[in-house]
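Trainee: Contents are mmCIF, C-alpha atoms and all ligand atoms; file name run11.cif:
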```cif
data_data
loop_
_atom_site.group_PDB
_atom_site.id
_atom_site.type_symbol
_atom_site.label_atom_id
_atom_site.label_comp_id
_atom_site.auth_asym_id
_atom_site.auth_seq_id
_atom_site.Cartn_x
_atom_site.Cartn_y
_atom_site.Cartn_z
ATOM 1 C CA MET A 1 85.656 73.265 96.995
ATOM 2 C CA HIS A 2 85.818 69.509 97.637
ATOM 3 C CA VAL A 3 82.475 67.712 97.976
ATOM 4 C CA ILE A 4 81.994 64.159 99.220
ATOM 5 C CA VAL A 5 78.830 62.293 98.265
ATOM 6 C CA ILE A 6 78.082 59.184 100.330
ATOM 7 C CA GLY A 7 76.311 56.514 98.243
ATOM 8 C CA ALA A 8 76.369 55.866 94.499
ATOM 9 C CA GLY A 9 72.663 55.142 94.086
ATOM 10 C CA ILE A 10 70.489 57.282 91.813
ATOM 11 C CA ALA A 11 70.371 60.120 94.372
ATOM 12 C CA GLY A 12 74.138 60.097 94.950
ATOM 13 C CA LEU A 13 74.996 60.014 91.246
ATOM 14 C CA THR A 14 72.596 62.785 90.321
ATOM 15 C CA ALA A 15 73.695 64.912 93.308
ATOM 16 C CA ALA A 16 77.321 64.509 92.192
ATOM 17 C CA ARG A 17 76.413 65.512 88.643
ATOM 18 C CA VAL A 18 74.637 68.681 89.874
ATOM 19 C CA ILE A 19 77.221 69.780 92.452
ATOM 20 C CA ALA A 20 80.103 69.214 89.999
ATOM 21 C CA ASP A 21 78.961 72.414 88.227
ATOM 22 C CA ARG A 22 79.904 74.356 91.390
ATOM 23 C CA ALA A 23 82.706 72.323 92.981
ATOM 24 C CA ASP A 24 86.371 71.899 92.112
ATOM 25 C CA ARG A 25 86.313 68.203 92.968
ATOM 26 C CA VAL A 26 83.614 65.648 93.835
ATOM 27 C CA THR A 27 84.304 62.270 95.457
ATOM 28 C CA ILE A 28 81.557 59.661 95.613
ATOM 29 C CA VAL A 29 82.105 56.943 98.230
ATOM 30 C CA GLU A 30 80.101 53.732 97.855
ATOM 31 C CA ARG A 31 80.179 50.662 100.115
ATOM 32 C CA ASP A 32 79.384 48.134 97.348
ATOM 33 C CA ARG A 33 81.855 46.996 94.750
ATOM 34 C CA LEU A 34 80.053 48.252 91.682
ATOM 35 C CA PRO A 35 79.382 45.888 88.781
ATOM 36 C CA ASP A 36 80.361 46.941 85.257
ATOM 37 C CA ARG A 37 77.144 45.366 83.969
ATOM 38 C CA ALA A 38 73.506 46.070 84.766
ATOM 39 C CA ASP A 39 73.459 43.708 87.751
ATOM 40 C CA ASP A 40 71.655 44.019 91.064
ATOM 41 C CA ARG A 41 73.831 44.597 94.125
ATOM 42 C CA PRO A 42 73.447 44.116 97.894
ATOM 43 C CA GLY A 43 73.435 47.826 98.822
ATOM 44 C CA VAL A 44 70.232 48.345 96.822
ATOM 45 C CA PRO A 45 67.980 45.504 97.977
ATOM 46 C CA GLN A 46 64.937 46.921 96.149
ATOM 47 C CA GLY A 47 66.814 46.809 92.842
ATOM 48 C CA HIS A 48 65.361 43.564 91.494
ATOM 49 C CA HIS A 49 61.750 44.735 91.881
ATOM 50 C CA PRO A 50 60.113 46.359 88.828
ATOM 51 C CA HIS A 51 60.987 50.002 88.330
ATOM 52 C CA ALA A 52 59.416 52.445 85.906
ATOM 53 C CA LEU A 53 60.405 56.021 85.221
ATOM 54 C CA LEU A 54 57.475 58.393 85.228
ATOM 55 C CA VAL A 55 57.466 61.570 83.145
ATOM 56 C CA ALA A 56 58.806 64.068 85.707
ATOM 57 C CA GLY A 57 61.664 61.799 86.770
ATOM 58 C CA ASN A 58 62.503 61.001 83.175
ATOM 59 C CA ASP A 59 62.498 64.688 82.198
ATOM 60 C CA ALA A 60 64.739 65.583 85.155
ATOM 61 C CA LEU A 61 67.243 62.856 84.297
ATOM 62 C CA GLU A 62 67.162 63.759 80.596
ATOM 63 C CA HIS A 63 67.924 67.360 81.547
ATOM 64 C CA LEU A 64 70.991 66.266 83.542
ATOM 65 C CA PHE A 65 72.071 63.538 81.122
ATOM 66 C CA PRO A 66 70.914 64.453 77.594
ATOM 67 C CA GLY A 67 70.178 61.418 75.427
ATOM 68 C CA LEU A 68 69.733 59.075 78.414
ATOM 69 C CA THR A 69 66.238 57.965 77.375
ATOM 70 C CA ASP A 70 67.429 56.960 73.901
ATOM 71 C CA GLU A 71 70.408 55.182 75.410
ATOM 72 C CA LEU A 72 68.082 53.255 77.724
ATOM 73 C CA ALA A 73 66.032 52.255 74.677
ATOM 74 C CA THR A 74 69.104 50.975 72.825
ATOM 75 C CA HIS A 75 69.723 48.734 75.828
ATOM 76 C CA GLY A 76 66.213 47.360 75.574
ATOM 77 C CA ALA A 77 64.222 49.579 77.936
ATOM 78 C CA VAL A 78 60.563 49.761 77.017
ATOM 79 C CA ARG A 79 58.695 52.991 76.353
ATOM 80 C CA ALA A 80 54.973 52.651 76.842
ATOM 81 C CA ASP A 81 52.088 55.089 76.583
ATOM 82 C CA ALA A 82 50.657 55.274 80.106
ATOM 83 C CA ALA A 83 47.042 54.830 78.984
ATOM 84 C CA GLU A 84 47.346 53.052 75.638
ATOM 85 C CA ASP A 85 49.920 50.332 76.153
ATOM 86 C CA ILE A 86 49.015 49.402 79.716
ATOM 87 C CA ALA A 87 46.036 47.177 80.380
ATOM 88 C CA PHE A 88 44.869 48.056 83.881
ATOM 89 C CA TRP A 89 42.232 45.839 85.483
ATOM 90 C CA GLN A 90 40.897 47.736 88.462
ATOM 91 C CA LEU A 91 37.827 47.292 90.636
ATOM 92 C CA GLY A 92 36.181 44.804 88.313
ATOM 93 C CA ALA A 93 36.818 46.313 84.866
ATOM 94 C CA PHE A 94 39.551 47.319 82.483
ATOM 95 C CA ARG A 95 40.319 51.035 82.432
ATOM 96 C CA THR A 96 39.645 52.719 79.093
ATOM 97 C CA ARG A 97 42.699 52.626 76.863
ATOM 98 C CA TYR A 98 43.490 55.671 74.755
ATOM 99 C CA HIS A 99 46.538 57.481 73.435
ATOM 100 C CA SER A 100 47.644 59.847 76.211
ATOM 101 C CA GLY A 101 51.046 60.912 74.912
ATOM 102 C CA ILE A 102 52.393 60.299 78.428
ATOM 103 C CA ALA A 103 55.347 57.971 78.180
ATOM 104 C CA VAL A 104 56.489 55.629 80.939
ATOM 105 C CA VAL A 105 59.916 54.062 80.626
ATOM 106 C CA SER A 106 60.197 50.554 81.982
ATOM 107 C CA ALA A 107 63.762 49.462 82.666
ATOM 108 C CA THR A 108 65.584 47.652 85.402
ATOM 109 C CA ARG A 109 66.919 49.919 88.116
ATOM 110 C CA ALA A 110 70.335 48.334 87.600
ATOM 111 C CA LEU A 111 70.395 49.409 83.929
ATOM 112 C CA LEU A 112 69.305 52.948 84.729
ATOM 113 C CA GLU A 113 71.959 53.242 87.440
ATOM 114 C CA LEU A 114 74.695 51.795 85.214
ATOM 115 C CA LEU A 115 74.038 54.242 82.375
ATOM 116 C CA ILE A 116 73.918 57.205 84.755
ATOM 117 C CA ARG A 117 77.073 56.010 86.528
ATOM 118 C CA ARG A 118 79.029 55.752 83.273
ATOM 119 C CA ARG A 119 78.166 59.341 82.441
ATOM 120 C CA VAL A 120 78.981 60.587 85.944
ATOM 121 C CA GLU A 121 82.336 58.781 85.936
ATOM 122 C CA ASN A 122 83.167 60.472 82.646
ATOM 123 C CA GLY A 123 82.755 63.843 84.362
ATOM 124 C CA ARG A 124 86.148 65.537 84.658
ATOM 125 C CA LYS A 125 85.832 66.542 88.291
ATOM 126 C CA ILE A 126 84.165 63.431 89.675
ATOM 127 C CA SER A 127 85.845 60.344 91.103
ATOM 128 C CA LEU A 128 84.089 57.297 92.492
ATOM 129 C CA ILE A 129 85.543 55.097 95.230
ATOM 130 C CA SER A 130 83.649 51.819 95.558
ATOM 131 C CA GLY A 131 83.908 49.025 98.127
ATOM 132 C CA THR A 132 84.379 51.578 100.917
ATOM 133 C CA HIS A 133 81.959 51.932 103.796
ATOM 134 C CA VAL A 134 81.518 55.322 105.464
ATOM 135 C CA ARG A 135 81.137 54.761 109.207
ATOM 136 C CA ALA A 136 81.031 58.322 110.582
ATOM 137 C CA LEU A 137 81.188 62.000 109.860
ATOM 138 C CA ILE A 138 84.083 63.991 111.266
ATOM 139 C CA GLY A 139 83.862 67.608 112.338
ATOM 140 C CA VAL A 140 83.900 70.088 115.139
ATOM 141 C CA ARG A 141 81.571 68.997 117.898
ATOM 142 C CA ALA A 142 78.315 70.951 117.880
ATOM 143 C CA GLN A 143 79.576 73.188 115.063
ATOM 144 C CA ARG A 144 80.126 71.634 111.656
ATOM 145 C CA VAL A 145 80.883 68.593 109.505
ATOM 146 C CA ASP A 146 84.412 68.511 108.050
ATOM 147 C CA GLY A 147 84.487 65.187 106.252
ATOM 148 C CA ILE A 148 84.042 61.436 106.616
ATOM 149 C CA GLU A 149 85.641 58.439 108.274
ATOM 150 C CA THR A 150 85.627 55.136 106.424
ATOM 151 C CA ASN A 151 85.765 51.582 107.748
ATOM 152 C CA ASP A 152 89.523 51.363 107.228
ATOM 153 C CA GLY A 153 89.901 54.226 109.741
ATOM 154 C CA ARG A 154 90.864 56.804 107.084
ATOM 155 C CA GLN A 155 89.566 60.311 107.431
ATOM 156 C CA THR A 156 88.921 62.466 104.347
ATOM 157 C CA ARG A 157 88.221 66.169 104.556
ATOM 158 C CA ALA A 158 85.600 67.981 102.513
ATOM 159 C CA ASP A 159 83.934 71.377 102.401
ATOM 160 C CA LEU A 160 80.541 69.778 101.915
ATOM 161 C CA VAL A 161 79.287 66.239 102.601
ATOM 162 C CA ILE A 162 76.108 65.003 100.904
ATOM 163 C CA ASP A 163 74.424 62.007 102.496
ATOM 164 C CA ALA A 164 72.747 59.896 99.780
ATOM 165 C CA THR A 165 72.733 56.627 101.698
ATOM 166 C CA GLY A 166 69.057 56.050 100.871
ATOM 167 C CA SER A 167 67.188 53.437 102.853
ATOM 168 C CA ALA A 168 70.400 52.427 104.682
ATOM 169 C CA GLY A 169 70.200 55.720 106.573
ATOM 170 C CA SER A 170 73.104 57.367 108.309
ATOM 171 C CA ASN A 171 72.571 55.918 111.780
ATOM 172 C CA GLY A 172 72.874 58.927 114.028
ATOM 173 C CA TRP A 173 76.028 60.445 112.489
ATOM 174 C CA LEU A 174 74.889 64.019 113.132
ATOM 175 C CA HIS A 175 73.677 63.126 116.604
ATOM 176 C CA ARG A 176 77.140 61.799 117.532
ATOM 177 C CA LEU A 177 78.677 65.125 116.524
ATOM 178 C CA GLU A 178 76.031 66.860 118.646
ATOM 179 C CA LEU A 179 74.718 68.631 115.558
ATOM 180 C CA PRO A 180 71.032 69.356 115.019
ATOM 181 C CA VAL A 181 69.234 66.454 113.394
ATOM 182 C CA PRO A 182 66.568 67.327 110.772
ATOM 183 C CA VAL A 183 63.011 66.454 111.626
ATOM 184 C CA GLU A 184 62.125 63.157 110.008
ATOM 185 C CA HIS A 185 58.699 62.396 108.565
ATOM 186 C CA ARG A 186 57.920 58.729 108.128
ATOM 187 C CA VAL A 187 55.102 57.394 105.969
ATOM 188 C CA ARG A 188 54.254 53.833 106.872
ATOM 189 C CA VAL A 189 53.524 52.026 103.620
ATOM 190 C CA ASN A 190 53.062 48.534 104.986
ATOM 191 C CA VAL A 191 53.102 46.763 101.626
ATOM 192 C CA GLY A 192 55.246 43.761 100.733
ATOM 193 C CA TYR A 193 56.579 43.052 97.240
ATOM 194 C CA ALA A 194 57.402 39.741 95.592
ATOM 195 C CA THR A 195 58.974 39.734 92.131
ATOM 196 C CA ARG A 196 59.859 36.994 89.721
ATOM 197 C CA HIS A 197 61.746 37.412 86.448
ATOM 198 C CA HIS A 198 60.862 35.501 83.283
ATOM 199 C CA LEU A 199 62.354 35.311 79.830
ATOM 200 C CA GLN A 200 60.118 36.201 76.919
ATOM 201 C CA GLY A 201 60.291 34.246 73.648
ATOM 202 C CA LEU A 202 63.823 34.529 72.384
ATOM 203 C CA ARG A 203 62.925 34.489 68.685
ATOM 204 C CA ASP A 204 62.241 38.176 68.666
ATOM 205 C CA ARG A 205 64.545 39.469 71.356
ATOM 206 C CA GLY A 206 63.926 43.110 71.919
ATOM 207 C CA LEU A 207 60.293 42.868 70.917
ATOM 208 C CA THR A 208 58.423 44.315 73.816
ATOM 209 C CA PRO A 209 54.676 43.756 73.523
ATOM 210 C CA PHE A 210 53.951 40.377 75.060
ATOM 211 C CA HIS A 211 50.277 40.229 74.322
ATOM 212 C CA ARG A 212 48.386 41.577 71.341
ATOM 213 C CA THR A 213 44.817 42.744 71.324
ATOM 214 C CA SER A 214 42.788 44.087 68.451
ATOM 215 C CA TYR A 215 43.325 47.546 69.853
ATOM 216 C CA ALA A 216 47.031 47.917 70.610
ATOM 217 C CA PRO A 217 49.927 45.862 71.889
ATOM 218 C CA VAL A 218 49.966 45.470 75.639
ATOM 219 C CA ARG A 219 53.310 46.145 77.253
ATOM 220 C CA THR A 220 52.201 46.007 80.846
ATOM 221 C CA PHE A 221 49.348 44.403 82.741
ATOM 222 C CA LEU A 222 48.291 45.924 86.033
ATOM 223 C CA LEU A 223 45.789 44.105 88.200
ATOM 224 C CA GLN A 224 44.038 45.401 91.255
ATOM 225 C CA PRO A 225 41.396 42.768 91.817
ATOM 226 C CA GLY A 226 39.792 43.676 95.150
ATOM 227 C CA ARG A 227 36.868 46.076 95.309
ATOM 228 C CA ASP A 228 37.592 46.988 98.902
ATOM 229 C CA PRO A 229 40.190 49.792 98.921
ATOM 230 C CA GLY A 230 41.064 48.810 102.507
ATOM 231 C CA LYS A 231 42.279 45.427 101.301
ATOM 232 C CA PHE A 232 44.860 46.630 98.846
ATOM 233 C CA CYS A 233 46.424 43.990 96.660
ATOM 234 C CA PHE A 234 48.101 44.566 93.353
ATOM 235 C CA GLY A 235 49.832 42.621 90.610
ATOM 236 C CA SER A 236 51.761 43.577 87.511
ATOM 237 C CA LEU A 237 53.437 41.980 84.552
ATOM 238 C CA SER A 238 55.747 44.249 82.617
ATOM 239 C CA SER A 239 58.282 44.009 79.821
ATOM 240 C CA VAL A 240 61.776 45.097 80.751
ATOM 241 C CA ALA A 241 64.949 45.141 78.720
ATOM 242 C CA PHE A 242 65.524 42.537 76.036
ATOM 243 C CA GLY A 243 63.068 39.716 76.313
ATOM 244 C CA GLY A 244 62.593 40.141 80.046
ATOM 245 C CA LEU A 245 59.354 40.098 81.981
ATOM 246 C CA GLN A 246 58.905 41.052 85.587
ATOM 247 C CA CYS A 247 55.976 39.698 87.504
ATOM 248 C CA ARG A 248 55.126 41.329 90.796
ATOM 249 C CA THR A 249 52.549 40.993 93.526
ATOM 250 C CA MET A 250 52.010 43.472 96.326
ATOM 251 C CA LYS A 251 50.115 42.777 99.506
ATOM 252 C CA PRO A 252 49.892 44.406 102.921
HETATM 253 C C1 LIG A 301 59.823 47.819 95.933
HETATM 254 C C2 LIG A 301 60.234 49.164 95.387
HETATM 255 C C3 LIG A 301 59.796 49.553 94.121
HETATM 256 C C4 LIG A 301 60.154 50.808 93.608
HETATM 257 N N1 LIG A 301 59.713 51.168 92.366
HETATM 258 C C5 LIG A 301 60.071 52.370 91.861
HETATM 259 C C6 LIG A 301 59.656 52.766 90.563
HETATM 260 O O1 LIG A 301 58.943 52.060 89.861
HETATM 261 N N2 LIG A 301 60.083 53.987 90.098
HETATM 262 C C7 LIG A 301 60.886 54.805 90.849
HETATM 263 O O2 LIG A 301 61.260 55.891 90.371
HETATM 264 N N3 LIG A 301 61.282 54.451 92.087
HETATM 265 C C8 LIG A 301 60.898 53.271 92.616
HETATM 266 N N4 LIG A 301 61.302 52.911 93.858
HETATM 267 C C9 LIG A 301 62.116 53.828 94.642
HETATM 268 C C10 LIG A 301 63.558 53.738 94.241
HETATM 269 O O3 LIG A 301 64.055 52.409 94.267
HETATM 270 C C11 LIG A 301 64.332 54.576 95.257
HETATM 271 O O4 LIG A 301 63.707 55.825 95.456
HETATM 272 C C12 LIG A 301 65.665 54.902 94.787
HETATM 273 O O5 LIG A 301 66.356 53.743 94.418
HETATM 274 C C13 LIG A 301 66.401 55.565 95.941
HETATM 275 O O6 LIG A 301 67.664 55.865 95.478
HETATM 276 P P1 LIG A 301 68.724 56.424 96.464
HETATM 277 O O7 LIG A 301 69.948 56.672 95.658
HETATM 278 O O8 LIG A 301 68.159 57.533 97.277
HETATM 279 O O9 LIG A 301 68.979 55.271 97.574
HETATM 280 P P2 LIG A 301 69.490 53.779 97.434
HETATM 281 O O10 LIG A 301 69.029 53.147 96.184
HETATM 282 O O11 LIG A 301 69.125 53.116 98.737
HETATM 283 O O12 LIG A 301 71.079 53.938 97.338
HETATM 284 C C14 LIG A 301 71.856 54.262 98.475
HETATM 285 C C15 LIG A 301 73.305 53.941 98.151
HETATM 286 O O13 LIG A 301 74.117 54.310 99.270
HETATM 287 C C16 LIG A 301 75.029 53.266 99.556
HETATM 288 N N5 LIG A 301 75.346 53.348 100.988
HETATM 289 C C17 LIG A 301 74.492 53.208 102.030
HETATM 290 N N6 LIG A 301 75.143 53.371 103.195
HETATM 291 C C18 LIG A 301 76.434 53.631 102.879
HETATM 292 C C19 LIG A 301 77.602 53.899 103.667
HETATM 293 N N7 LIG A 301 77.548 53.935 105.014
HETATM 294 N N8 LIG A 301 78.777 54.120 103.027
HETATM 295 C C20 LIG A 301 78.842 54.092 101.657
HETATM 296 N N9 LIG A 301 77.767 53.849 100.868
HETATM 297 C C21 LIG A 301 76.584 53.624 101.474
HETATM 298 C C22 LIG A 301 74.240 51.994 99.202
HETATM 299 O O14 LIG A 301 75.099 50.885 98.994
HETATM 300 C C23 LIG A 301 73.547 52.445 97.908
HETATM 301 O O15 LIG A 301 74.380 52.299 96.782
HETATM 302 C C24 LIG A 301 60.948 51.675 94.398
HETATM 303 C C25 LIG A 301 61.378 51.276 95.671
HETATM 304 C C26 LIG A 301 61.022 50.053 96.162
HETATM 305 C C27 LIG A 301 61.485 49.652 97.548
#
```
For this file, write the structure as structure tokens.
Ligand SMILES: Cc1cc2nc3c(=O)[nH]c(=O)nc-3n(C[C@H](O)[C@H](O)[C@H](O)COP(=O)(O)OP(=O)(O)OC[C@H]3O[C@@H](n4cnc5c(N)ncnc54)[C@H](O)[C@@H]3O)c2cc1C

Mentor:
Amino acid sequence: MHVIVIGAGIAGLTAARVIADRADRVTIVERDRLPDRADDRPGVPQGHHPHALLVAGNDALEHLFPGLTDELATHGAVRADAAEDIAFWQLGAFRTRYHSGIAVVSATRALLELLIRRRVENGRKISLISGTHVRALIGVRAQRVDGIETNDGRQTRADLVIDATGSAGSNGWLHRLELPVPVEHRVRVNVGYATRHHLQGLRDRGLTPFHRTSYAPVRTFLLQPGRDPGKFCFGSLSSVAFGGLQCRTMKP
């Protein structure tokens, strides 16, 4: 069985890893030319905003890629206790800080993707074609999908095609083949992000706490200043990778 996965984001890479257990061959097709460093790229415009891995996501990735969390840490990702290491100012007071044992991993999305991609590319059955834009699905009208067509006009056959194009969406591909289109549920979030990156003191590169209190080092500040839940506004300052800080504001 040959499987094509469209998109080499987190969903595409993890889908390829899972389906490789069942398929003879998996081909991932990605429109961006992929960097060999942890750099942001145009196909993932949200990439430069702060990203944190919560417990369930981290566990799922660790299950698929054993040792990933430790590898992230060796590249400078920050592990923080969700209640102890994060100072959260909300509705006029700091939340109580205590040891919860719930770890949050703060890393850039680019680093997470790079480490996952390296592992996926090492998989025997998986090949990754980058710099190639999928423009359509091919198949039998009103019956089935047989493969993909790329921007250079080439058609590639597959037994199964997985669409992991994320926010780019697949622009009516199924509709054009007169195939049923799944019902889509949209949640309007209506929040804008602005992020700025700073360098922490270089003397102790890799040191993550950027502010010390008598209680415990603070690795992340979260601020939600307004008391009116209808006027949501949020800010955060978090340590990422070696000596990096990400500062973010969110506003409707
Ligand atoms: C501001 C912001 C903050 C976030 N913070 C967090 C967070 O803290 N923690 C967290 O877990 N998640 C967070 N997320 C969500 C997270 O970024 C996304 O859920 C995740 O990146 C989605 O991954 P994906 O692989 O589904 O899609 P994408 O990241 O969109 O990847 C899709 C891939 O498909 C490729 N592609 C698209 N169209 C084509 C085509 N026609 N042909 C070939 N390739 C194509 C793209 O180039 C891209 O590589 C955040 C999202 C945003 C917007």

Trainee: Here's the selection I'm unsure about, the PyMOL selection byres (((chain A and resi 114) around 9) and not hetatm); applied to the file above, which residues does it give, as a list in words?

Mentor: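 Matching residues under the PyMOL selection byres (((chain A and resi 114) around 9) and not hetatm) are Pro35, Asp36, Arg37, Ala38, Asp39, Arg109, Ala110, Leu111, Leu112, Glu113, Leu115, Ile116, Arg117, Arg118 and Arg119 of chain A.
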
Trainee: Using only C-alpha atoms and all ligand atoms, find each protein or nucleic acid residue lying at most 9 Å from ligand LIG 301 (chain A); present the set as a tab-separated table (two decimals) with C-alpha atoms, in the frame of the given file.

Mentor:
```tsv
chain	number	residue	atom	x	y	z
A	5	VAL	CA	78.83	62.29	98.26
A	6	ILE	CA	78.08	59.18	100.33
A	7	GLY	CA	76.31	56.51	98.24
A	8	ALA	CA	76.37	55.87	94.50
A	9	GLY	CA	72.66	55.14	94.09
A	10	ILE	CA	70.49	57.28	91.81
A	11	ALA	CA	70.37	60.12	94.37
A	12	GLY	CA	74.14	60.10	94.95
A	13	LEU	CA	75.00	60.01	91.25
A	14	THR	CA	72.60	62.78	90.32
A	28	ILE	CA	81.56	59.66	95.61
A	29	VAL	CA	82.10	56.94	98.23
A	30	GLU	CA	80.10	53.73	97.86
A	31	ARG	CA	80.18	50.66	100.12
A	32	ASP	CA	79.38	48.13	97.35
A	33	ARG	CA	81.86	47.00	94.75
A	34	LEU	CA	80.05	48.25	91.68
A	41	ARG	CA	73.83	44.60	94.12
A	42	PRO	CA	73.45	44.12	97.89
A	43	GLY	CA	73.44	47.83	98.82
A	44	VAL	CA	70.23	48.34	96.82
A	45	PRO	CA	67.98	45.50	97.98
A	46	GLN	CA	64.94	46.92	96.15
A	47	GLY	CA	66.81	46.81	92.84
A	48	HIS	CA	65.36	43.56	91.49
A	49	HIS	CA	61.75	44.74	91.88
A	50	PRO	CA	60.11	46.36	88.83
A	51	HIS	CA	60.99	50.00	88.33
A	52	ALA	CA	59.42	52.44	85.91
A	53	LEU	CA	60.40	56.02	85.22
A	54	LEU	CA	57.48	58.39	85.23
A	57	GLY	CA	61.66	61.80	86.77
A	58	ASN	CA	62.50	61.00	83.18
A	106	SER	CA	60.20	50.55	81.98
A	109	ARG	CA	66.92	49.92	88.12
A	113	GLU	CA	71.96	53.24	87.44
A	130	SER	CA	83.65	51.82	95.56
A	131	GLY	CA	83.91	49.02	98.13
A	132	THR	CA	84.38	51.58	100.92
A	133	HIS	CA	81.96	51.93	103.80
A	134	VAL	CA	81.52	55.32	105.46
A	135	ARG	CA	81.14	54.76	109.21
A	136	ALA	CA	81.03	58.32	110.58
A	150	THR	CA	85.63	55.14	106.42
A	151	ASN	CA	85.76	51.58	107.75
A	163	ASP	CA	74.42	62.01	102.50
A	164	ALA	CA	72.75	59.90	99.78
A	165	THR	CA	72.73	56.63	101.70
A	166	GLY	CA	69.06	56.05	100.87
A	167	SER	CA	67.19	53.44	102.85
A	168	ALA	CA	70.40	52.43	104.68
A	169	GLY	CA	70.20	55.72	106.57
A	170	SER	CA	73.10	57.37	108.31
A	171	ASN	CA	72.57	55.92	111.78
A	191	VAL	CA	53.10	46.76	101.63
A	192	GLY	CA	55.25	43.76	100.73
A	193	TYR	CA	56.58	43.05	97.24
A	194	ALA	CA	57.40	39.74	95.59
A	195	THR	CA	58.97	39.73	92.13
A	250	MET	CA	52.01	43.47	96.33
```

Trainee: Would you place a box with edges along x, y and z of the file around all atoms of stretch 178-184 of chain A listed there, add 4 Å to each of its six sides, and report the centre and edge lengths in Å to one decimal, as AutoDock Vina command-line options?

Mentor:
```
--center_x 69.1 --center_y 66.3 --center_z 114.3 --size_x 21.9 --size_y 14.2 --size_z 16.6
```

Trainee: Work out how far atom CA of A:Ile4 is from atom CA of A:Val26, in Å to one decimal.

Mentor: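 The value is 5.8 Å.
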
Trainee: As an exercise, work out the distance from atom CA of A:Ala80 to atom CA of A:Ala103 in Å and give it to one decimal place.

Mentor: 5.5 Å

Trainee: Could you tell me which residues the PyMOL selection byres (((chain A and resi 96-98) around 8) and not hetatm) grabs in this file, written as a PyMOL selection string?

Mentor: chain A and resi 83-87+94-95+99-100

Trainee: Using only C-alpha atoms, pick whichever of A:Ala20, A:Leu174, A:Leu64, A:Ile162 has the shortest atom-to-atom distance to A:Val140.

Mentor: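 The answer is A:Leu174, which sits nearest to A:Val140.
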
Trainee: To one decimal place in Å, what is the distance between atom CA of A:Ile126 and atom CA of A:Ile148?

Mentor: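 Atom CA of A:Ile148 lies at a distance of 17.1 Å from atom CA of A:Ile126.
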
Trainee: With only C-alpha atoms as the basis for distance, which of A:Leu137, A:Ala15, A:Leu222, A:Val3 is at the shortest distance from A:Phe88?

Mentor: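 For A:Phe88, the nearest of the given residues is A:Leu222.
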
Trainee: Using all atoms listed in the file, which protein or nucleic acid residues come within 7 Å of A:Gly147? Drop anything in the same chain fewer than 3 positions from it, and give the result as a PyMOL selection string.

Mentor: chain A and resi 137-139+156-158+161

Trainee: Return as an mmCIF file with C-alpha atoms, keeping the file's coordinate frame the set of residues that the PyMOL selection byres (((chain A and resi 125) around 9) and not hetatm) yields on the displayed structure.

Mentor:
```cif
data_model
loop_
_atom_site.group_PDB
_atom_site.id
_atom_site.type_symbol
_atom_site.label_atom_id
_atom_site.label_comp_id
_atom_site.auth_asym_id
_atom_site.auth_seq_id
_atom_site.Cartn_x
_atom_site.Cartn_y
_atom_site.Cartn_z
ATOM 1 C CA ALA A 20 80.103 69.214 89.999
ATOM 2 C CA ALA A 23 82.706 72.323 92.981
ATOM 3 C CA ASP A 24 86.371 71.899 92.112
ATOM 4 C CA ARG A 25 86.313 68.203 92.968
ATOM 5 C CA VAL A 26 83.614 65.648 93.835
ATOM 6 C CA THR A 27 84.304 62.270 95.457
ATOM 7 C CA GLU A 121 82.336 58.781 85.936
ATOM 8 C CA ASN A 122 83.167 60.472 82.646
ATOM 9 C CA GLY A 123 82.755 63.843 84.362
ATOM 10 C CA ARG A 124 86.148 65.537 84.658
ATOM 11 C CA ILE A 126 84.165 63.431 89.675
ATOM 12 C CA SER A 127 85.845 60.344 91.103
#
```
